[in-house]
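**Q** You'll find start03.pdb just under this line, and it carries PDB, C-alpha atoms.
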ATOM      1  CA  MET A   1     110.098  -0.831   9.507
ATOM      2  CA  LEU A   2     106.722   0.207   8.014
ATOM      3  CA  GLN A   3     107.088  -2.456   5.351
ATOM      4  CA  TYR A   4     107.608  -5.095   8.028
ATOM      5  CA  GLN A   5     104.531  -3.872   9.924
ATOM      6  CA  TYR A   6     102.293  -4.203   6.873
ATOM      7  CA  TRP A   7     103.666  -7.651   6.050
ATOM      8  CA  SER A   8     103.149  -8.667   9.687
ATOM      9  CA  ARG A   9      99.554  -7.382   9.805
ATOM     10  CA  GLY A  10      98.661  -9.003   6.489
ATOM     11  CA  PHE A  11     100.252 -12.312   7.370
ATOM     12  CA  ARG A  12      98.532 -12.391  10.754
ATOM     13  CA  GLY A  13      95.227 -12.093   8.921
ATOM     14  CA  PHE A  14      96.290 -14.697   6.379
ATOM     15  CA  THR A  15      97.400 -17.093   9.112
ATOM     16  CA  GLY A  16      94.136 -16.738  11.028
ATOM     17  CA  PHE A  17      91.916 -17.386   8.016
ATOM     18  CA  PHE A  18      94.161 -20.186   6.789
ATOM     19  CA  LEU A  19      94.069 -22.023  10.120
ATOM     20  CA  VAL A  20      90.267 -21.808  10.223
ATOM     21  CA  PHE A  21      90.102 -23.238   6.709
ATOM     22  CA  VAL A  22      92.499 -26.076   7.557
ATOM     23  CA  VAL A  23      90.417 -27.081  10.592
ATOM     24  CA  ILE A  24      87.170 -27.053   8.572
ATOM     25  CA  ALA A  25      88.796 -28.889   5.650
ATOM     26  CA  VAL A  26      90.192 -31.643   7.903
ATOM     27  CA  PHE A  27      86.795 -32.225   9.517
ATOM     28  CA  VAL A  28      85.134 -32.288   6.085
ATOM     29  CA  LYS A  29      87.703 -34.701   4.671
ATOM     30  CA  MET A  30      87.334 -37.000   7.689
ATOM     31  CA  ASP A  31      83.523 -36.681   7.562
ATOM     32  CA  ARG A  32      83.460 -35.511  11.191
ATOM     33  CA  ILE A  33      81.312 -32.416  10.778
ATOM     34  CA  SER A  34      77.940 -33.815   9.766
ATOM     35  CA  GLY A  35      76.455 -33.251  13.244
ATOM     36  CA  PHE A  36      77.222 -29.540  13.132
ATOM     37  CA  ASP A  37      76.050 -29.234   9.527
ATOM     38  CA  ASN A  38      72.743 -31.016  10.092
ATOM     39  CA  PHE A  39      72.024 -28.991  13.236
ATOM     40  CA  MET A  40      72.664 -25.681  11.466
ATOM     41  CA  ILE A  41      70.695 -26.678   8.353
ATOM     42  CA  HIS A  42      67.708 -27.601  10.510
ATOM     43  CA  ALA A  43      67.973 -24.309  12.442
ATOM     44  CA  VAL A  44      68.113 -22.236   9.253
ATOM     45  CA  GLN A  45      65.475 -24.115   7.273
ATOM     46  CA  SER A  46      63.036 -24.404  10.189
ATOM     47  CA  ALA A  47      62.180 -20.726   9.627
ATOM     48  CA  GLU A  48      61.120 -21.373   6.022
ATOM     49  CA  SER A  49      58.474 -19.022   4.646
ATOM     50  CA  PRO A  50      57.559 -17.621   1.203
ATOM     51  CA  ALA A  51      59.098 -14.247   2.102
ATOM     52  CA  LEU A  52      62.375 -15.768   3.286
ATOM     53  CA  THR A  53      62.514 -18.023   0.236
ATOM     54  CA  SER A  54      62.182 -14.994  -2.060
ATOM     55  CA  LEU A  55      64.874 -13.170  -0.067
ATOM     56  CA  ALA A  56      67.203 -16.188  -0.213
ATOM     57  CA  LYS A  57      66.764 -16.550  -3.962
ATOM     58  CA  GLY A  58      67.465 -12.835  -4.424
ATOM     59  CA  LEU A  59      70.622 -12.947  -2.316
ATOM     60  CA  SER A  60      71.763 -16.101  -4.092
ATOM     61  CA  LEU A  61      71.319 -14.294  -7.410
ATOM     62  CA  ILE A  62      73.388 -11.362  -6.131
ATOM     63  CA  GLY A  63      76.155 -13.816  -5.264
ATOM     64  CA  SER A  64      76.017 -15.561  -8.645
ATOM     65  CA  SER A  65      79.016 -15.516 -10.968
ATOM     66  CA  LYS A  66      77.222 -13.480 -13.656
ATOM     67  CA  LEU A  67      76.392 -10.609 -11.327
ATOM     68  CA  ALA A  68      79.809 -10.817  -9.644
ATOM     69  CA  ILE A  69      81.468 -10.488 -13.057
ATOM     70  CA  GLY A  70      79.302  -7.462 -13.845
ATOM     71  CA  ILE A  71      80.169  -5.751 -10.553
ATOM     72  CA  SER A  72      83.845  -6.610 -11.055
ATOM     73  CA  LEU A  73      83.911  -5.104 -14.551
ATOM     74  CA  LEU A  74      82.288  -1.908 -13.262
ATOM     75  CA  ALA A  75      84.804  -1.693 -10.403
ATOM     76  CA  MET A  76      87.711  -2.232 -12.803
ATOM     77  CA  VAL A  77      86.486   0.534 -15.121
ATOM     78  CA  LEU A  78      86.209   2.922 -12.167
ATOM     79  CA  LEU A  79      89.652   1.996 -10.848
ATOM     80  CA  TYR A  80      91.395   2.301 -14.207
ATOM     81  CA  PHE A  81      89.668   5.151 -16.024
ATOM     82  CA  VAL A  82      88.046   7.273 -13.316
ATOM     83  CA  LEU A  83      90.196   6.949 -10.192
ATOM     84  CA  LYS A  84      93.452   6.143 -12.070
ATOM     85  CA  HIS A  85      94.391   3.579  -9.412
ATOM     86  CA  ARG A  86      96.304   1.176 -11.645
ATOM     87  CA  ILE A  87      98.127  -0.681  -8.851
ATOM     88  CA  GLU A  88      94.878  -1.148  -6.939
ATOM     89  CA  LEU A  89      93.358  -2.598 -10.114
ATOM     90  CA  ILE A  90      96.045  -5.299 -10.124
ATOM     91  CA  LEU A  91      95.204  -6.098  -6.494
ATOM     92  CA  PHE A  92      91.492  -6.303  -7.350
ATOM     93  CA  LEU A  93      92.154  -8.673 -10.250
ATOM     94  CA  ALA A  94      94.513 -10.858  -8.227
ATOM     95  CA  VAL A  95      92.009 -11.309  -5.400
ATOM     96  CA  GLY A  96      89.042 -12.044  -7.677
ATOM     97  CA  ALA A  97      90.767 -14.310 -10.182
ATOM     98  CA  GLY A  98      92.787 -16.126  -7.532
ATOM     99  CA  SER A  99      89.698 -16.800  -5.428
ATOM    100  CA  GLN A 100      87.878 -18.269  -8.433
ATOM    101  CA  LEU A 101      90.797 -20.511  -9.376
ATOM    102  CA  LEU A 102      91.206 -21.697  -5.795
ATOM    103  CA  ASN A 103      87.522 -22.554  -5.560
ATOM    104  CA  THR A 104      87.581 -24.546  -8.794
ATOM    105  CA  TRP A 105      90.664 -26.491  -7.729
ATOM    106  CA  MET A 106      89.413 -27.211  -4.201
ATOM    107  CA  LYS A 107      85.986 -28.392  -5.366
ATOM    108  CA  LEU A 108      87.677 -30.906  -7.652
ATOM    109  CA  TRP A 109      90.051 -32.009  -4.903
ATOM    110  CA  PHE A 110      87.468 -32.465  -2.122
ATOM    111  CA  HIS A 111      84.731 -33.954  -4.355
ATOM    112  CA  ARG A 112      82.091 -33.285  -1.709
ATOM    113  CA  GLU A 113      78.536 -33.917  -2.840
ATOM    114  CA  ARG A 114      75.911 -31.279  -2.131
ATOM    115  CA  PRO A 115      73.389 -31.829   0.678
ATOM    116  CA  ASN A 116      70.198 -33.631  -0.251
ATOM    117  CA  ILE A 117      68.053 -32.864   2.784
ATOM    118  CA  HIS A 118      65.575 -30.215   1.623
ATOM    119  CA  ARG A 119      66.555 -28.422  -1.581
ATOM    120  CA  LEU A 120      64.509 -25.438  -2.696
ATOM    121  CA  ILE A 121      66.534 -25.020  -5.913
ATOM    122  CA  GLU A 122      68.721 -27.293  -7.988
ATOM    123  CA  GLN A 123      72.449 -26.684  -8.272
ATOM    124  CA  ALA A 124      75.065 -28.712 -10.110
ATOM    125  CA  GLY A 125      78.703 -29.233  -9.159
ATOM    126  CA  TYR A 126      80.531 -30.092  -5.966
ATOM    127  CA  SER A 127      79.846 -28.511  -2.607
ATOM    128  CA  PHE A 128      83.055 -27.667  -0.716
ATOM    129  CA  PRO A 129      83.956 -24.867  -0.461
ATOM    130  CA  SER A 130      80.991 -22.699  -1.440
ATOM    131  CA  GLY A 131      81.707 -20.786  -4.638
ATOM    132  CA  HIS A 132      79.086 -18.137  -3.829
ATOM    133  CA  SER A 133      80.642 -17.569  -0.399
ATOM    134  CA  MET A 134      84.163 -17.290  -1.791
ATOM    135  CA  ALA A 135      83.090 -14.949  -4.584
ATOM    136  CA  ALA A 136      81.080 -12.735  -2.217
ATOM    137  CA  PHE A 137      83.844 -12.550   0.397
ATOM    138  CA  SER A 138      86.576 -11.751  -2.116
ATOM    139  CA  LEU A 139      84.498  -9.281  -4.176
ATOM    140  CA  TYR A 140      82.862  -7.283  -1.384
ATOM    141  CA  GLY A 141      85.874  -7.716   0.886
ATOM    142  CA  ILE A 142      88.381  -6.219  -1.545
ATOM    143  CA  ILE A 143      85.974  -3.437  -2.537
ATOM    144  CA  ALA A 144      85.555  -2.623   1.171
ATOM    145  CA  TYR A 145      89.333  -2.561   1.650
ATOM    146  CA  LEU A 146      89.929  -0.281  -1.341
ATOM    147  CA  LEU A 147      87.142   2.137  -0.414
ATOM    148  CA  TRP A 148      88.144   2.111   3.271
ATOM    149  CA  ARG A 149      91.545   3.524   2.331
ATOM    150  CA  HIS A 150      89.881   6.571   0.745
ATOM    151  CA  MET A 151      87.139   7.184   3.322
ATOM    152  CA  ARG A 152      87.847   9.820   5.961
ATOM    153  CA  ARG A 153      84.717   9.760   8.120
ATOM    154  CA  GLY A 154      84.373   7.053  10.744
ATOM    155  CA  SER A 155      80.603   6.876  10.247
ATOM    156  CA  GLU A 156      81.046   6.174   6.521
ATOM    157  CA  ARG A 157      83.494   3.394   7.268
ATOM    158  CA  ILE A 158      81.217   1.783   9.860
ATOM    159  CA  LEU A 159      78.178   1.869   7.559
ATOM    160  CA  PHE A 160      80.101   0.450   4.627
ATOM    161  CA  ILE A 161      81.663  -2.343   6.677
ATOM    162  CA  LEU A 162      78.219  -3.167   8.093
ATOM    163  CA  PHE A 163      76.805  -3.347   4.563
ATOM    164  CA  THR A 164      79.681  -5.606   3.458
ATOM    165  CA  VAL A 165      79.247  -7.982   6.407
ATOM    166  CA  LEU A 166      75.472  -8.195   5.959
ATOM    167  CA  MET A 167      75.731  -8.753   2.210
ATOM    168  CA  THR A 168      78.423 -11.425   2.482
ATOM    169  CA  GLY A 169      76.727 -13.135   5.412
ATOM    170  CA  GLY A 170      73.346 -12.969   3.692
ATOM    171  CA  ILE A 171      74.654 -14.695   0.589
ATOM    172  CA  GLY A 172      76.149 -17.484   2.696
ATOM    173  CA  TRP A 173      72.883 -17.854   4.633
ATOM    174  CA  SER A 174      70.920 -18.064   1.386
ATOM    175  CA  ARG A 175      72.956 -21.046   0.184
ATOM    176  CA  ILE A 176      72.234 -22.955   3.399
ATOM    177  CA  TYR A 177      68.554 -21.949   3.408
ATOM    178  CA  LEU A 178      68.090 -23.060  -0.201
ATOM    179  CA  GLY A 179      69.622 -26.443   0.639
ATOM    180  CA  VAL A 180      72.506 -26.365  -1.844
ATOM    181  CA  HIS A 181      75.377 -26.015   0.648
ATOM    182  CA  TYR A 182      76.373 -27.270   4.062
ATOM    183  CA  PRO A 183      77.245 -24.607   6.670
ATOM    184  CA  SER A 184      80.821 -25.927   6.649
ATOM    185  CA  ASP A 185      80.936 -25.208   2.894
ATOM    186  CA  VAL A 186      80.065 -21.582   3.585
ATOM    187  CA  ILE A 187      82.469 -21.143   6.520
ATOM    188  CA  GLY A 188      85.228 -22.895   4.582
ATOM    189  CA  GLY A 189      84.582 -20.620   1.616
ATOM    190  CA  TYR A 190      84.831 -17.493   3.759
ATOM    191  CA  ALA A 191      88.058 -18.723   5.357
ATOM    192  CA  ALA A 192      89.715 -19.736   2.075
ATOM    193  CA  SER A 193      88.798 -16.486   0.358
ATOM    194  CA  GLY A 194      89.813 -14.460   3.414
ATOM    195  CA  ALA A 195      93.227 -16.125   3.534
ATOM    196  CA  TRP A 196      93.878 -15.438  -0.145
ATOM    197  CA  MET A 197      92.659 -11.844   0.115
ATOM    198  CA  MET A 198      94.833 -11.091   3.161
ATOM    199  CA  LEU A 199      97.886 -12.573   1.438
ATOM    200  CA  CYS A 200      97.274 -10.343  -1.595
ATOM    201  CA  ILE A 201      96.763  -7.270   0.615
ATOM    202  CA  ALA A 202      99.986  -8.017   2.502
ATOM    203  CA  CYS A 203     101.928  -8.144  -0.767
ATOM    204  CA  PHE A 204     100.189  -4.986  -2.019
ATOM    205  CA  GLU A 205     100.972  -2.977   1.130
ATOM    206  CA  ALA A 206     104.565  -4.176   1.212
ATOM    207  CA  TYR A 207     105.034  -3.162  -2.437
ATOM    208  CA  ARG A 208     103.516   0.290  -1.910
ATOM    209  CA  ASN A 209     105.644   1.017   1.128
ATOM    210  CA  SER A 210     108.740  -0.259  -0.620
ATOM    211  CA  ARG A 211     108.128   2.266  -3.407
ATOM    212  CA  LYS A 212     107.587   5.071  -0.885
ATOM    213  CA  SER A 213     110.840   4.203   0.886
ATOM    214  CA  LYS A 214     112.762   4.302  -2.416
ATOM    215  CA  LYS A 215     111.319   7.726  -3.269
ATOM    216  CA  ARG A 216     112.493   9.126   0.076
ATOM    217  CA  LEU A 217     116.062   7.986  -0.522
ATOM    218  CA  PRO A 218     118.430  10.771  -1.702
TER     219      PRO A 218
END
As structure tokens, please, write out the structure in this file.

**A**
Amino acid sequence: MLQYQYWSRGFRGFTGFFLVFVVIAVFVKMDRISGFDNFMIHAVQSAESPALTSLAKGLSLIGSSKLAIGISLLAMVLLYFVLKHRIELILFLAVGAGSQLLNTWMKLWFHRERPNIHRLIEQAGYSFPSGHSMAAFSLYGIIAYLLWRHMRRGSERILFILFTVLMTGGIGWSRIYLGVHYPSDVIGGYAASGAWMMLCIACFEAYRNSRKSKKRLP
């Protein structure tokens, strides 16, 4: 029964994120989302200032692949050698590697060119979905999930979730502000990464509870 509940919860999350991604992807493929994108880009970039530009560049750097790899390696060392959470390490690797592979494949499939309205930095490659957004959502999202399971105080959980949301949202905002991604790229990236992460968590929880059930059997 518990196993079914975890599968159900995980798949509800997966289904929700997946449906959001499908809607965004269809509008992008049909080129029916330019009005929304242009409106949001104008709203974000209209507040341009030297301070915000420095902040956006800093957040974009935090969401870069090099820094994400560094944070991932540190997290893997802690999970394997310090905390001895070997199964959680597999979950962490599956979410991160799967998100990266999905992003690479989808960029090649959609072939969406980057916006050319008001770029503050140059960025090569295709636009949809945002690689920074997918990497940030999967990395900080799975770290939040793993730490949440070991936190006991409600205040600690709230603060950490708030930090995760602000960091992930800030990285997505920075890509729009800097002019290298459409808002739909960012939202699509969050949705795609969220769907993959929830599917991995559902499998992880089902596996853990299956093992617990076997241990309780006489």

**Q** When the PyMOL selection byres ((chain A and resi 135) around 10) is applied to the file above, which residues end up in the set, as an mmCIF file with C-alpha atoms, in the frame of the given file?

**A**
data_model
loop_
_atom_site.group_PDB
_atom_site.id
_atom_site.type_symbol
_atom_site.label_atom_id
_atom_site.label_comp_id
_atom_site.auth_asym_id
_atom_site.auth_seq_id
_atom_site.Cartn_x
_atom_site.Cartn_y
_atom_site.Cartn_z
ATOM 1 C CA GLY A 63 76.155 -13.816 -5.264
ATOM 2 C CA SER A 64 76.017 -15.561 -8.645
ATOM 3 C CA SER A 65 79.016 -15.516 -10.968
ATOM 4 C CA ALA A 68 79.809 -10.817 -9.644
ATOM 5 C CA ILE A 69 81.468 -10.488 -13.057
ATOM 6 C CA VAL A 95 92.009 -11.309 -5.400
ATOM 7 C CA GLY A 96 89.042 -12.044 -7.677
ATOM 8 C CA ALA A 97 90.767 -14.310 -10.182
ATOM 9 C CA SER A 99 89.698 -16.800 -5.428
ATOM 10 C CA GLN A 100 87.878 -18.269 -8.433
ATOM 11 C CA ASN A 103 87.522 -22.554 -5.560
ATOM 12 C CA SER A 130 80.991 -22.699 -1.440
ATOM 13 C CA GLY A 131 81.707 -20.786 -4.638
ATOM 14 C CA HIS A 132 79.086 -18.137 -3.829
ATOM 15 C CA SER A 133 80.642 -17.569 -0.399
ATOM 16 C CA MET A 134 84.163 -17.290 -1.791
ATOM 17 C CA ALA A 136 81.080 -12.735 -2.217
ATOM 18 C CA PHE A 137 83.844 -12.550 0.397
ATOM 19 C CA SER A 138 86.576 -11.751 -2.116
ATOM 20 C CA LEU A 139 84.498 -9.281 -4.176
ATOM 21 C CA TYR A 140 82.862 -7.283 -1.384
ATOM 22 C CA GLY A 141 85.874 -7.716 0.886
ATOM 23 C CA THR A 168 78.423 -11.425 2.482
ATOM 24 C CA ILE A 171 74.654 -14.695 0.589
ATOM 25 C CA GLY A 189 84.582 -20.620 1.616
ATOM 26 C CA TYR A 190 84.831 -17.493 3.759
ATOM 27 C CA SER A 193 88.798 -16.486 0.358
#

**Q** Excluding same-chain residues fewer than 3 positions from range 17-26 of chain A, what lies within 9 Å of it counting all atoms listed in the file, as a PyMOL selection string?

**A** chain A and resi 12-14+29-33+110+128-129+184-185+187-196+198

**Q** Could you check the closest approach to Leu59 in chain A for each of A:Leu102, A:Leu159, A:Met167, A:Leu73 and tell me which residue wins, using all atoms listed in the file?

**A**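 For Leu59 in chain A, the nearest of the given residues is A:Met167.
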
**Q** Specify as a ChimeraX atom specification each residue included when the PyMOL selection byres ((chain A and resi 176) around 12) is applied to this file.

**A** /A:37-46,48,53,56-57,59-60,114-121,127,130,132-133,169-175,177-187

**Q** Please, could you write that set of residues out with C-alpha atoms as a PDB file, in the coordinates of the input?

**A**
ATOM      1  CA  ASP A  37      76.050 -29.234   9.527  1.00  0.00           C
ATOM      2  CA  ASN A  38      72.743 -31.016  10.092  1.00  0.00           C
ATOM      3  CA  PHE A  39      72.024 -28.991  13.236  1.00  0.00           C
ATOM      4  CA  MET A  40      72.664 -25.681  11.466  1.00  0.00           C
ATOM      5  CA  ILE A  41      70.695 -26.678   8.353  1.00  0.00           C
ATOM      6  CA  HIS A  42      67.708 -27.601  10.510  1.00  0.00           C
ATOM      7  CA  ALA A  43      67.973 -24.309  12.442  1.00  0.00           C
ATOM      8  CA  VAL A  44      68.113 -22.236   9.253  1.00  0.00           C
ATOM      9  CA  GLN A  45      65.475 -24.115   7.273  1.00  0.00           C
ATOM     10  CA  SER A  46      63.036 -24.404  10.189  1.00  0.00           C
ATOM     11  CA  GLU A  48      61.120 -21.373   6.022  1.00  0.00           C
ATOM     12  CA  THR A  53      62.514 -18.023   0.236  1.00  0.00           C
ATOM     13  CA  ALA A  56      67.203 -16.188  -0.213  1.00  0.00           C
ATOM     14  CA  LYS A  57      66.764 -16.550  -3.962  1.00  0.00           C
ATOM     15  CA  LEU A  59      70.622 -12.947  -2.316  1.00  0.00           C
ATOM     16  CA  SER A  60      71.763 -16.101  -4.092  1.00  0.00           C
ATOM     17  CA  ARG A 114      75.911 -31.279  -2.131  1.00  0.00           C
ATOM     18  CA  PRO A 115      73.389 -31.829   0.678  1.00  0.00           C
ATOM     19  CA  ASN A 116      70.198 -33.631  -0.251  1.00  0.00           C
ATOM     20  CA  ILE A 117      68.053 -32.864   2.784  1.00  0.00           C
ATOM     21  CA  HIS A 118      65.575 -30.215   1.623  1.00  0.00           C
ATOM     22  CA  ARG A 119      66.555 -28.422  -1.581  1.00  0.00           C
ATOM     23  CA  LEU A 120      64.509 -25.438  -2.696  1.00  0.00           C
ATOM     24  CA  ILE A 121      66.534 -25.020  -5.913  1.00  0.00           C
ATOM     25  CA  SER A 127      79.846 -28.511  -2.607  1.00  0.00           C
ATOM     26  CA  SER A 130      80.991 -22.699  -1.440  1.00  0.00           C
ATOM     27  CA  HIS A 132      79.086 -18.137  -3.829  1.00  0.00           C
ATOM     28  CA  SER A 133      80.642 -17.569  -0.399  1.00  0.00           C
ATOM     29  CA  GLY A 169      76.727 -13.135   5.412  1.00  0.00           C
ATOM     30  CA  GLY A 170      73.346 -12.969   3.692  1.00  0.00           C
ATOM     31  CA  ILE A 171      74.654 -14.695   0.589  1.00  0.00           C
ATOM     32  CA  GLY A 172      76.149 -17.484   2.696  1.00  0.00           C
ATOM     33  CA  TRP A 173      72.883 -17.854   4.633  1.00  0.00           C
ATOM     34  CA  SER A 174      70.920 -18.064   1.386  1.00  0.00           C
ATOM     35  CA  ARG A 175      72.956 -21.046   0.184  1.00  0.00           C
ATOM     36  CA  TYR A 177      68.554 -21.949   3.408  1.00  0.00           C
ATOM     37  CA  LEU A 178      68.090 -23.060  -0.201  1.00  0.00           C
ATOM     38  CA  GLY A 179      69.622 -26.443   0.639  1.00  0.00           C
ATOM     39  CA  VAL A 180      72.506 -26.365  -1.844  1.00  0.00           C
ATOM     40  CA  HIS A 181      75.377 -26.015   0.648  1.00  0.00           C
ATOM     41  CA  TYR A 182      76.373 -27.270   4.062  1.00  0.00           C
ATOM     42  CA  PRO A 183      77.245 -24.607   6.670  1.00  0.00           C
ATOM     43  CA  SER A 184      80.821 -25.927   6.649  1.00  0.00           C
ATOM     44  CA  ASP A 185      80.936 -25.208   2.894  1.00  0.00           C
ATOM     45  CA  VAL A 186      80.065 -21.582   3.585  1.00  0.00           C
ATOM     46  CA  ILE A 187      82.469 -21.143   6.520  1.00  0.00           C
TER      47      ILE A 187
END

**Q** Step by step, work through what the PyMOL selection byres ((chain A and resi 146) around 12) selects in the shown file, and finish by giving those residues as an mmCIF file with C-alpha atoms, keeping the file's coordinate frame.

**A**
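Done, and the output landed in expr.cif:
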data_model
loop_
_atom_site.group_PDB
_atom_site.id
_atom_site.type_symbol
_atom_site.label_atom_id
_atom_site.label_comp_id
_atom_site.auth_asym_id
_atom_site.auth_seq_id
_atom_site.Cartn_x
_atom_site.Cartn_y
_atom_site.Cartn_z
ATOM 1 C CA ALA A 75 84.804 -1.693 -10.403
ATOM 2 C CA MET A 76 87.711 -2.232 -12.803
ATOM 3 C CA LEU A 78 86.209 2.922 -12.167
ATOM 4 C CA LEU A 79 89.652 1.996 -10.848
ATOM 5 C CA LEU A 83 90.196 6.949 -10.192
ATOM 6 C CA HIS A 85 94.391 3.579 -9.412
ATOM 7 C CA ILE A 87 98.127 -0.681 -8.851
ATOM 8 C CA GLU A 88 94.878 -1.148 -6.939
ATOM 9 C CA LEU A 89 93.358 -2.598 -10.114
ATOM 10 C CA ILE A 90 96.045 -5.299 -10.124
ATOM 11 C CA LEU A 91 95.204 -6.098 -6.494
ATOM 12 C CA PHE A 92 91.492 -6.303 -7.350
ATOM 13 C CA VAL A 95 92.009 -11.309 -5.400
ATOM 14 C CA SER A 138 86.576 -11.751 -2.116
ATOM 15 C CA LEU A 139 84.498 -9.281 -4.176
ATOM 16 C CA TYR A 140 82.862 -7.283 -1.384
ATOM 17 C CA GLY A 141 85.874 -7.716 0.886
ATOM 18 C CA ILE A 142 88.381 -6.219 -1.545
ATOM 19 C CA ILE A 143 85.974 -3.437 -2.537
ATOM 20 C CA ALA A 144 85.555 -2.623 1.171
ATOM 21 C CA TYR A 145 89.333 -2.561 1.650
ATOM 22 C CA LEU A 147 87.142 2.137 -0.414
ATOM 23 C CA TRP A 148 88.144 2.111 3.271
ATOM 24 C CA ARG A 149 91.545 3.524 2.331
ATOM 25 C CA HIS A 150 89.881 6.571 0.745
ATOM 26 C CA MET A 151 87.139 7.184 3.322
ATOM 27 C CA ARG A 157 83.494 3.394 7.268
ATOM 28 C CA PHE A 160 80.101 0.450 4.627
ATOM 29 C CA ILE A 161 81.663 -2.343 6.677
ATOM 30 C CA MET A 197 92.659 -11.844 0.115
ATOM 31 C CA ILE A 201 96.763 -7.270 0.615
ATOM 32 C CA PHE A 204 100.189 -4.986 -2.019
ATOM 33 C CA GLU A 205 100.972 -2.977 1.130
#

**Q** With 6 Å added on each side, what axis-aligned box encloses every listed atom of range 146-149 of chain A? Give the centre and edge lengths in Å to one decimal, as JSON.

**A**
{"center_x": 89.3, "center_y": 1.6, "center_z": 1.0, "size_x": 16.4, "size_y": 15.8, "size_z": 16.6}

**Q** Rounded to one decimal, what separation in Å do you get between CA of Phe11 in chain A and CA of Ala206 in chain A?

**A** 11.1 Å

**Q** Using the incomplete input, complete range 52-57 of chain A to the level of all heavy atoms; output as a PDB file, keeping the file's coordinate frame.

**A**
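Result file follows (rebuild02.pdb):
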ATOM      1  N   LEU A  52      60.964 -15.433   3.122  1.00  0.00           N
ATOM      2  CA  LEU A  52      62.375 -15.768   3.286  1.00  0.00           C
ATOM      3  C   LEU A  52      62.912 -16.503   2.061  1.00  0.00           C
ATOM      4  O   LEU A  52      64.078 -16.313   1.681  1.00  0.00           O
ATOM      5  CB  LEU A  52      62.573 -16.629   4.537  1.00  0.00           C
ATOM      6  CG  LEU A  52      62.566 -15.908   5.878  1.00  0.00           C
ATOM      7  CD1 LEU A  52      62.751 -16.895   7.023  1.00  0.00           C
ATOM      8  CD2 LEU A  52      63.634 -14.821   5.936  1.00  0.00           C
ATOM      9  N   THR A  53      62.081 -17.315   1.439  1.00  0.00           N
ATOM     10  CA  THR A  53      62.514 -18.023   0.236  1.00  0.00           C
ATOM     11  C   THR A  53      62.806 -17.038  -0.892  1.00  0.00           C
ATOM     12  O   THR A  53      63.810 -17.163  -1.599  1.00  0.00           O
ATOM     13  CB  THR A  53      61.436 -19.026  -0.218  1.00  0.00           C
ATOM     14  OG1 THR A  53      61.219 -19.988   0.826  1.00  0.00           O
ATOM     15  CG2 THR A  53      61.875 -19.759  -1.482  1.00  0.00           C
ATOM     16  N   SER A  54      61.952 -16.031  -1.045  1.00  0.00           N
ATOM     17  CA  SER A  54      62.182 -14.994  -2.060  1.00  0.00           C
ATOM     18  C   SER A  54      63.455 -14.211  -1.753  1.00  0.00           C
ATOM     19  O   SER A  54      64.246 -13.906  -2.649  1.00  0.00           O
ATOM     20  CB  SER A  54      60.987 -14.041  -2.121  1.00  0.00           C
ATOM     21  OG  SER A  54      59.814 -14.720  -2.524  1.00  0.00           O
ATOM     22  N   LEU A  55      63.663 -13.892  -0.469  1.00  0.00           N
ATOM     23  CA  LEU A  55      64.874 -13.170  -0.067  1.00  0.00           C
ATOM     24  C   LEU A  55      66.112 -14.010  -0.347  1.00  0.00           C
ATOM     25  O   LEU A  55      67.114 -13.503  -0.880  1.00  0.00           O
ATOM     26  CB  LEU A  55      64.800 -12.827   1.418  1.00  0.00           C
ATOM     27  CG  LEU A  55      66.056 -12.182   2.036  1.00  0.00           C
ATOM     28  CD1 LEU A  55      66.349 -10.845   1.365  1.00  0.00           C
ATOM     29  CD2 LEU A  55      65.892 -12.008   3.544  1.00  0.00           C
ATOM     30  N   ALA A  56      66.058 -15.299  -0.002  1.00  0.00           N
ATOM     31  CA  ALA A  56      67.203 -16.188  -0.213  1.00  0.00           C
ATOM     32  C   ALA A  56      67.542 -16.320  -1.693  1.00  0.00           C
ATOM     33  O   ALA A  56      68.719 -16.299  -2.076  1.00  0.00           O
ATOM     34  CB  ALA A  56      66.919 -17.562   0.392  1.00  0.00           C
ATOM     35  N   LYS A  57      66.522 -16.446  -2.521  1.00  0.00           N
ATOM     36  CA  LYS A  57      66.764 -16.550  -3.962  1.00  0.00           C
ATOM     37  C   LYS A  57      67.357 -15.254  -4.509  1.00  0.00           C
ATOM     38  O   LYS A  57      68.233 -15.287  -5.388  1.00  0.00           O
ATOM     39  CB  LYS A  57      65.462 -16.885  -4.689  1.00  0.00           C
ATOM     40  CG  LYS A  57      64.987 -18.317  -4.463  1.00  0.00           C
ATOM     41  CD  LYS A  57      63.705 -18.610  -5.213  1.00  0.00           C
ATOM     42  CE  LYS A  57      63.265 -20.061  -5.023  1.00  0.00           C
ATOM     43  NZ  LYS A  57      62.004 -20.366  -5.748  1.00  0.00           N
TER      44      LYS A  57
END
